[in-house]
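This report concerns only the one structure given below.
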Amino acid sequence: MTVEFRAGLEGIPATQSSISFVDGQKGILEYRGIPIQELAMQPGNTFLETAYLLIWNELPNRETLAEFEHEIQYHRRLKYRIRDMMKCFPESGHPMDALQACAAALGLFYSKRALDNPSYIRAAVVRILAKIPTMVAAFQLMRKGNDPVQPRDDLSYAANFLYMLNEQEPDPFAARIFDISLTLHAEHTINASTFSAMVTASTLTDPYAVIASAVGTLAGPLHGGASEEVIMMLEEIGSVENVRPFLEDRLERKEKIMGFGHRVYKVKDPRANILQHLAEQLFEKFGQDKYYDIAVELERAVEERLGHKGIYPNVDFYSGLVYRKLGIPTDLFTPVFAISRAAGWLAHWKEQLAENRIFRPTQIYTGLHGSPYIPIDQRT
């Protein structure tokens with residue numbers, strides 16, 4: 001029987017899941033059946049409410065959500081040995097490498113691999129969601145030679161991260177925008193990092209190794225790292241007048257236009273629409289970003305040239321502009337993505353445990369057969 005090979009496993013189902021749904025032709029994204037637009041823009045909705053929905057398959061009531069938020073607040077702080085470990089990281093190291101190392105290190109303190117114990121699973125979920133923002137903010141300050149800022153229990157999840165990062169309490173409106181951004185990035189079916197998490201989880205290792213694996217996968221520029229590349233591209237373009245010459249040059253050289261195109265979406269990413277709206281709200285309140293006009297013109301030009309091929313802005317195109325205005329350094333964009341996507345990774349980890357089978361795909365062999373062994377003194 002001939003087995004069809006598809007590079008990147010494109011279009012090949014790897015699992016059955018009820019966590020999220022995407023229709024790339026219609027631009028639909030749903031979390032547990034709820035459209036992303038309704039969930040993200042719902043007044044009062046928070047990222048932690050979204051995380052609870054994804055992981056436990058239900059929207060929490062007021063009492064349940066308050067308990068979950070309290071657990072997260074209680075576990076925000078890091079072991080001093082993890083902080084000491086971070087002090088040894090090189091200042092020039094990328095924050096994603098630091099985050100991957102710290103996520104793996106959590107397993108040294110909390111791993112029992114009691115994967116049949118609901119209490120252990122909940123504790124792991126809480127610790128991971130609580131500590132990843134603290135680790136990201138701590139590394140940012142440590143690499144500048146400063147002590148990390150301790151989390152504040154009186155601040156929300158989003159506001160607390162911005163406080164730890166920028167060393168000042170954020171404007172409530174900015175914190176709300178950041179909370180919505182976290183919701184938008186929380187989950188997106190079986191993408192590369194989620195699949196990496198699932199493969200690791202299928203071995204029944206601890207959840208901290210699962211998250212470390214996913215973080216390493218997210219770091220690549222073809223996945224979460226694209227938001228950094230978008231900002232660098234906008235800086236290279238420099239002005240609205242340079243947009244079309246830049247685009248024509250890239251197309252002539254057959255180079256990728258960062259922030260455009262998606263393996264699933266053939267229309268504008270619904271998250272990009274929301275992020276663009278959030279960016280405009282931020283600029284209206286806190287001042288314009290000169291790169292926004294460049295981005296809008298580039299979107300217009302790409303649609304004219306490539307729209308017929310289904311190439312439109314993806315989630316990374318406008319997210320960096322939002323993060324910049326919130327005071328987040330460019331090389332922290334992907335770690336911030338990881339803060340959010342940890343919810344989706346944990347949801348798939350928990351779902352994987354319910355009917356686990358270790359991943360063992362096959363291959364199509366393209367090598368030789370029956371090759372002789374050549375003694376070393378006879379080799380050229």
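Following the order of the structure tokens, chains are lettered A, B, ..., residues in each are numbered from 1, and ligands are numbered from 1.
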Handout entry: Residue neighbourhood segment 248-252 of chain A, 12 Å, only C-alpha atoms, exclusion window fewer than 3 positions, as an MDAnalysis selection string
Key = chainID A and resid 233 237 242:245 255:258 298 301:302 304:306
Exercise for the section: Tell me, as a VMD selection string, which residues lie within 12 Å of Leu275 of chain A, counting only C-alpha atoms; anything in the same chain fewer than 4 positions away does not count. Expected result: chain A and resid 36 to 37 40 to 41 177 to 185 268 to 271 279 to 282 292 313 to 323
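With atom CA of Arg324 of chain A on one side and atom CA of Tyr291 of chain A on the other, the separation reads 10.4 Å.
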Practice task
Write out as a VMD selection string all residues of segment 196-372 of chain A that DSSP puts in helix (DSSP H, G or I) for this structure's backbone.
Solution key: chain A and resid 196 to 201 207 to 218 226 to 237 240 to 252 270 to 286 290 to 309 315 to 325 330 to 354
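Between atom CA of Val336 of chain A and atom CA of Arg152 of chain A the interatomic distance comes to 18.6 Å.
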Exercise for the section: Write out as a list in words which residues come within 10 Å of Leu48 of chain A when counting only C-alpha atoms, dropping same-chain ones fewer than 2 positions away. Expected result: Asn45, Thr46, Thr50, Ala51, Tyr52, Leu53, Leu54, Pro60, Leu65, Ala66, Phe68, Glu69, Ile72, Leu129, Ser156, Tyr157, Ala158, Asp179, Leu182, Thr183, Ser340 and Ala343 of chain A
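Between atom CA of His223 of chain A and atom CA of Ile364 of chain A the separation is 25.9 Å.
Distance check against Phe173 of chain A using only C-alpha atoms: of A:Leu368, A:Val149, A:Ile274, A:Leu326, the minimum falls on A:Leu326.
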Handout entry: Counting only C-alpha atoms, the option among A:Thr134, A:Gln150, A:Gln352, A:Asn160 closest to Ala197 of chain A
Key = A:Gln352
When you look at segment 100-113 of chain A with a cut-off of 6 Å (counting only C-alpha atoms), what residues show up, excluding the ones that are within fewer than 4 positions of it in the same chain? I need them as a JSON list (two decimals) with C-alpha atoms, in the first residue's frame.
```json
[["chain", "number", "residue", "atom", "x", "y", "z"],
["A", 206, "ASP", "CA", 5.33, 15.83, 34.04],
["A", 208, "TYR", "CA", 6.43, 21.22, 33.42],
["A", 209, "ALA", "CA", 8.35, 19.29, 30.76],
["A", 212, "ALA", "CA", 9.03, 23.61, 28.38],
["A", 215, "VAL", "CA", 7.89, 27.03, 24.80]]
```
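Closest approach to Trp56 of chain A among A:His70, A:Arg341, A:Arg122, A:Arg263 is made by A:Arg122 (distances from only C-alpha atoms).
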Practice task
Write out as a VMD selection string each polymer residue whose atoms come within 8 Å of Ile121 of chain A, counting only C-alpha atoms; drop sequence neighbours fewer than 5 positions from it.
Solution key: chain A and resid 114 to 115 350
Writer output for current selection, N, CA and C atoms, as a PDB file, in the first residue's frame:
```pdb
ATOM      1  N   ALA A 114       1.836  12.529  39.289  1.00  0.00           N
ATOM      2  CA  ALA A 114       0.600  11.897  39.763  1.00  0.00           C
ATOM      3  C   ALA A 114      -0.514  12.260  38.799  1.00  0.00           C
ATOM      4  N   LEU A 115      -0.396  11.774  37.571  1.00  0.00           N
ATOM      5  CA  LEU A 115      -1.276  12.229  36.502  1.00  0.00           C
ATOM      6  C   LEU A 115      -2.695  11.676  36.602  1.00  0.00           C
ATOM      7  N   LYS A 350      -4.401  18.242  29.527  1.00  0.00           N
ATOM      8  CA  LYS A 350      -5.437  17.598  30.324  1.00  0.00           C
ATOM      9  C   LYS A 350      -6.325  16.708  29.454  1.00  0.00           C
TER      10      LYS A 350
END
```
Handout entry: Which residue of A:Ile211, A:His188, A:Leu59, A:Glu355 approaches Leu39 of chain A most closely, using only C-alpha atoms
Key = A:Leu59
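Nearest residue to His348 of chain A, choosing from A:Thr64, A:Thr15, A:His94, A:Leu218 and counting only C-alpha atoms: A:Thr15.
Using only C-alpha atoms, the protein and nucleic acid residues lying no more than 12 Å from Gly8 of chain A, apart from those fewer than 4 places from it along its own chain, are A:Ile12, A:Pro13, A:Ala14, A:Asn191, A:Ala192, A:Phe195, A:Arg263.
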Next, the residues of the selection above should be written as a JSON list (two decimals), in the first residue's frame with C-alpha atoms.
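Result went into out.json, see below:
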```
[["chain", "number", "residue", "atom", "x", "y", "z"],
["A", 12, "ILE", "CA", -3.59, 15.10, 8.64],
["A", 13, "PRO", "CA", -5.71, 14.85, 11.83],
["A", 14, "ALA", "CA", -3.51, 14.07, 14.84],
["A", 191, "ASN", "CA", -0.53, 24.37, 15.95],
["A", 192, "ALA", "CA", 3.17, 23.52, 16.17],
["A", 195, "PHE", "CA", 1.38, 19.51, 18.92],
["A", 263, "ARG", "CA", -1.65, 27.66, 7.27]]
```
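Of the listed residues (A:Leu78, A:Met198, A:Lys87, A:Ile128), A:Met198 comes nearest to Gln16 of chain A; the distances count only C-alpha atoms.
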